Amino acid sequence: MHAYDYIGKPAKKERLFKVMDDVLMRKSEYDSSPKLTFNCDKSTVSLLFSDIVCIMTSTQHHNYLEIMDETGHTYLTRLTFSEVSGLLSADRRFLLVLRGVLVNMDYISQLNKDSCYLTTGSRVPVNIRKAKEMESTWQNYIFDSIRTERQERRNRK
């Protein structure tokens, strides 16, 4: 949770209750957000879908999957790509950019004919034959996200 509002002095009762209601609403949204749970380095890790930047089959570690979070940290796990992509495919944020590479579109900064650039500074290859289609999917996702966010702001007022 992050600070997103404040209460000026002198505090008014109505304002205090509104901010508290907003905090409780956001906390319940956070608690009900989907998470991916997996084992890494002999411990259990649980990441919100929204915090996952990309997932790819490891090129350096045979039979491992690399999961990168928004801080740029990469986890190695023995989950299969098909297991994880099956879970994440229902979430419209995730885009299959290449066989064995799934990217969260919230973290794409640029997409061109051969590469997908992520906000973490990473670059992943894309399927060249489907590059135009992926770029269109990503742009539509961004526009839909902006519309949804604007509508939610209107509803909160």
# chains A, B, ... in the order shown; residues from 1 in each chain; ligands from 1
$ closest_atom_pairs --of "region 52-121 of chain A" --to "region 142-151 of chain A" --cutoff "12 Å" --atoms "only C-alpha atoms" --output "CSV"
residue,atom,partner,partner_atom,distance
A:Arg92,CA,A:Ser145,CA,10.6
A:Arg93,CA,A:Ile142,CA,9.7
A:Asn104,CA,A:Ile142,CA,11.6
A:Met105,CA,A:Ile142,CA,8.1
A:Asp106,CA,A:Ile142,CA,7.9
A:Tyr107,CA,A:Ile142,CA,10.7
A:Ile108,CA,A:Ile142,CA,10.0
A:Ser109,CA,A:Ile142,CA,11.0
A:Gln110,CA,A:Ile142,CA,12.0
$ select_by_dssp --residues "region 59-141 of chain A" --states "alpha helix (DSSP H)" --output "list in words"
Phe81, Ser82, Glu83, Val84, Ser85, Gly86, Leu87, Leu88, Ala131, Lys132, Glu133, Met134, Glu135, Ser136, Thr137, Trp138, Gln139, Asn140 and Tyr141 of chain A
$ write_last_selection --atoms "all heavy atoms" --output "compact mmCIF listing (two decimals), in the first residue's frame"
# COMPACT_ATOMS: atom_id res chain seq x y z
N PHE A 81 6.50 -23.80 -18.12
CA PHE A 81 5.92 -22.63 -18.77
C PHE A 81 4.42 -22.83 -19.01
O PHE A 81 3.64 -21.91 -18.82
CB PHE A 81 6.63 -22.33 -20.09
CG PHE A 81 6.15 -21.06 -20.72
CD1 PHE A 81 6.62 -19.84 -20.28
CD2 PHE A 81 5.22 -21.08 -21.75
CE1 PHE A 81 6.16 -18.65 -20.84
CE2 PHE A 81 4.76 -19.90 -22.32
CZ PHE A 81 5.24 -18.69 -21.86
N SER A 82 4.02 -24.02 -19.39
CA SER A 82 2.61 -24.28 -19.66
C SER A 82 1.76 -24.15 -18.38
O SER A 82 0.63 -23.67 -18.44
CB SER A 82 2.39 -25.64 -20.31
OG SER A 82 2.85 -26.67 -19.48
N GLU A 83 2.30 -24.54 -17.22
CA GLU A 83 1.57 -24.38 -15.95
C GLU A 83 1.30 -22.90 -15.67
O GLU A 83 0.17 -22.51 -15.38
CB GLU A 83 2.37 -24.95 -14.78
CG GLU A 83 2.42 -26.43 -14.67
CD GLU A 83 3.32 -26.87 -13.53
OE1 GLU A 83 4.52 -26.55 -13.54
OE2 GLU A 83 2.79 -27.54 -12.62
N VAL A 84 2.36 -22.10 -15.76
CA VAL A 84 2.24 -20.69 -15.43
C VAL A 84 1.43 -19.94 -16.49
O VAL A 84 0.56 -19.14 -16.16
CB VAL A 84 3.63 -20.05 -15.25
CG1 VAL A 84 3.52 -18.56 -15.02
CG2 VAL A 84 4.36 -20.71 -14.09
N SER A 85 1.69 -20.21 -17.76
CA SER A 85 0.93 -19.50 -18.80
C SER A 85 -0.54 -19.88 -18.74
O SER A 85 -1.40 -19.05 -19.05
CB SER A 85 1.52 -19.77 -20.18
OG SER A 85 1.42 -21.12 -20.53
N GLY A 86 -0.84 -21.10 -18.31
CA GLY A 86 -2.24 -21.48 -18.13
C GLY A 86 -2.93 -20.65 -17.08
O GLY A 86 -4.08 -20.26 -17.23
N LEU A 87 -2.21 -20.36 -15.98
CA LEU A 87 -2.77 -19.51 -14.92
C LEU A 87 -2.92 -18.06 -15.35
O LEU A 87 -3.92 -17.41 -15.07
CB LEU A 87 -1.88 -19.56 -13.68
CG LEU A 87 -1.81 -20.86 -12.90
CD1 LEU A 87 -0.69 -20.81 -11.87
CD2 LEU A 87 -3.14 -21.11 -12.22
N LEU A 88 -1.90 -17.57 -16.05
CA LEU A 88 -1.88 -16.14 -16.41
C LEU A 88 -2.66 -15.80 -17.68
O LEU A 88 -2.99 -14.65 -17.91
CB LEU A 88 -0.44 -15.66 -16.56
CG LEU A 88 0.43 -15.75 -15.31
CD1 LEU A 88 1.84 -15.28 -15.61
CD2 LEU A 88 -0.16 -14.97 -14.16
N ALA A 131 4.60 -9.60 -34.96
CA ALA A 131 4.97 -8.34 -34.32
C ALA A 131 3.88 -7.27 -34.48
O ALA A 131 3.54 -6.58 -33.52
CB ALA A 131 6.30 -7.83 -34.85
N LYS A 132 3.35 -7.11 -35.68
CA LYS A 132 2.30 -6.10 -35.92
C LYS A 132 1.05 -6.39 -35.08
O LYS A 132 0.47 -5.49 -34.49
CB LYS A 132 1.93 -6.04 -37.40
CG LYS A 132 2.98 -5.41 -38.26
CD LYS A 132 2.81 -3.92 -38.27
CE LYS A 132 3.75 -3.33 -39.30
NZ LYS A 132 4.09 -1.98 -38.99
N GLU A 133 0.65 -7.65 -35.06
CA GLU A 133 -0.52 -8.06 -34.28
C GLU A 133 -0.30 -7.80 -32.79
O GLU A 133 -1.19 -7.31 -32.10
CB GLU A 133 -0.78 -9.55 -34.53
CG GLU A 133 -1.96 -10.10 -33.78
CD GLU A 133 -2.09 -11.61 -34.00
OE1 GLU A 133 -1.67 -12.12 -35.05
OE2 GLU A 133 -2.63 -12.26 -33.08
N MET A 134 0.90 -8.11 -32.28
CA MET A 134 1.22 -7.86 -30.87
C MET A 134 1.21 -6.38 -30.54
O MET A 134 0.71 -5.97 -29.50
CB MET A 134 2.58 -8.46 -30.53
CG MET A 134 2.54 -9.95 -30.35
SD MET A 134 4.11 -10.58 -29.80
CE MET A 134 4.88 -10.92 -31.37
N GLU A 135 1.76 -5.57 -31.44
CA GLU A 135 1.77 -4.13 -31.21
C GLU A 135 0.35 -3.58 -31.15
O GLU A 135 0.02 -2.76 -30.30
CB GLU A 135 2.57 -3.42 -32.30
CG GLU A 135 2.75 -1.95 -32.03
CD GLU A 135 3.66 -1.27 -33.03
OE1 GLU A 135 3.93 -1.84 -34.12
OE2 GLU A 135 4.09 -0.15 -32.73
N SER A 136 -0.52 -4.06 -32.02
CA SER A 136 -1.92 -3.65 -32.01
C SER A 136 -2.61 -4.08 -30.71
O SER A 136 -3.35 -3.31 -30.11
CB SER A 136 -2.63 -4.23 -33.23
OG SER A 136 -3.98 -3.91 -33.20
N THR A 137 -2.35 -5.31 -30.28
CA THR A 137 -2.93 -5.81 -29.03
C THR A 137 -2.48 -4.96 -27.86
O THR A 137 -3.28 -4.59 -27.00
CB THR A 137 -2.51 -7.28 -28.80
OG1 THR A 137 -2.99 -8.07 -29.90
CG2 THR A 137 -3.07 -7.83 -27.50
N TRP A 138 -1.19 -4.63 -27.81
CA TRP A 138 -0.64 -3.82 -26.73
C TRP A 138 -1.26 -2.42 -26.73
O TRP A 138 -1.67 -1.91 -25.69
CB TRP A 138 0.88 -3.75 -26.86
CG TRP A 138 1.54 -2.81 -25.89
CD1 TRP A 138 1.42 -2.80 -24.53
CD2 TRP A 138 2.42 -1.74 -26.21
NE1 TRP A 138 2.18 -1.79 -23.99
CE2 TRP A 138 2.81 -1.13 -25.00
CE3 TRP A 138 2.95 -1.26 -27.41
CZ2 TRP A 138 3.69 -0.05 -24.95
CZ3 TRP A 138 3.82 -0.19 -27.35
CH2 TRP A 138 4.19 0.41 -26.14
N GLN A 139 -1.36 -1.78 -27.90
CA GLN A 139 -1.94 -0.44 -27.98
C GLN A 139 -3.40 -0.44 -27.55
O GLN A 139 -3.84 0.45 -26.82
CB GLN A 139 -1.79 0.12 -29.39
CG GLN A 139 -0.36 0.48 -29.73
CD GLN A 139 -0.17 0.85 -31.19
OE1 GLN A 139 -1.04 0.61 -32.03
NE2 GLN A 139 0.98 1.42 -31.50
N ASN A 140 -4.16 -1.43 -27.98
CA ASN A 140 -5.56 -1.54 -27.56
C ASN A 140 -5.67 -1.74 -26.05
O ASN A 140 -6.55 -1.18 -25.40
CB ASN A 140 -6.27 -2.67 -28.30
CG ASN A 140 -6.51 -2.36 -29.74
OD1 ASN A 140 -6.60 -1.20 -30.14
ND2 ASN A 140 -6.59 -3.39 -30.57
N TYR A 141 -4.77 -2.53 -25.49
CA TYR A 141 -4.76 -2.75 -24.05
C TYR A 141 -4.51 -1.44 -23.31
O TYR A 141 -5.18 -1.13 -22.33
CB TYR A 141 -3.69 -3.79 -23.67
CG TYR A 141 -3.49 -3.90 -22.19
CD1 TYR A 141 -4.38 -4.62 -21.40
CD2 TYR A 141 -2.42 -3.26 -21.56
CE1 TYR A 141 -4.21 -4.70 -20.03
CE2 TYR A 141 -2.25 -3.34 -20.19
CZ TYR A 141 -3.14 -4.06 -19.44
OH TYR A 141 -2.98 -4.13 -18.08
$ atom_distance --atom1 "CA of Asn155 (chain A)" --atom2 "CA of Val53 (chain A)"
28.8 Å
$ residues_around --residues "Asp51 (chain A)" --least-positions-apart "2" --cutoff "8 Å" --atoms "only C-alpha atoms" --output "VMD selection string"
chain A and resid 47 to 49 53 69 to 70
$ atom_distance --atom1 "CA of Cys116 (chain A)" --atom2 "CA of Thr80 (chain A)"
22.3 Å
$ atom_distance --atom1 "CA of Thr77 (chain A)" --atom2 "CA of Lys130 (chain A)"
28.2 Å
$ residues_around --residues "Asn39 (chain A)" --least-positions-apart "2" --cutoff "12 Å" --atoms "only C-alpha atoms" --output "list in words"
Leu36, Thr37, Asp41, Lys42, Ser43, Thr44, Val45, Ser46, Leu47, Tyr64, Leu65, Glu66, Ile67, Tyr75, Leu76, Thr77, Arg78 and Leu79 of chain A
$ closest_residue --among "A:Pro10, A:Pro125, A:Gly100, A:Pro34" --to "Asn112 (chain A)" --atoms "only C-alpha atoms"
A:Pro125
$ select_by_dssp --residues "region 11-150 of chain A" --states "strand (DSSP E or B)" --output "JSON, numbers by chain"
{"A": [35, 36, 37, 38, 39, 40, 43, 44, 45, 46, 47, 48, 52, 53, 54, 55, 56, 57, 65, 66, 67, 68, 69, 74, 75, 76, 77, 94, 95, 96, 97, 98, 101, 102, 103, 104, 108, 109, 110, 111, 115, 116, 117, 118, 123, 124, 125]}
$ closest_residue --among "A:His73, A:Lys113, A:Arg156, A:Lys35" --to "Asp91 (chain A)" --atoms "only C-alpha atoms"
A:Lys35
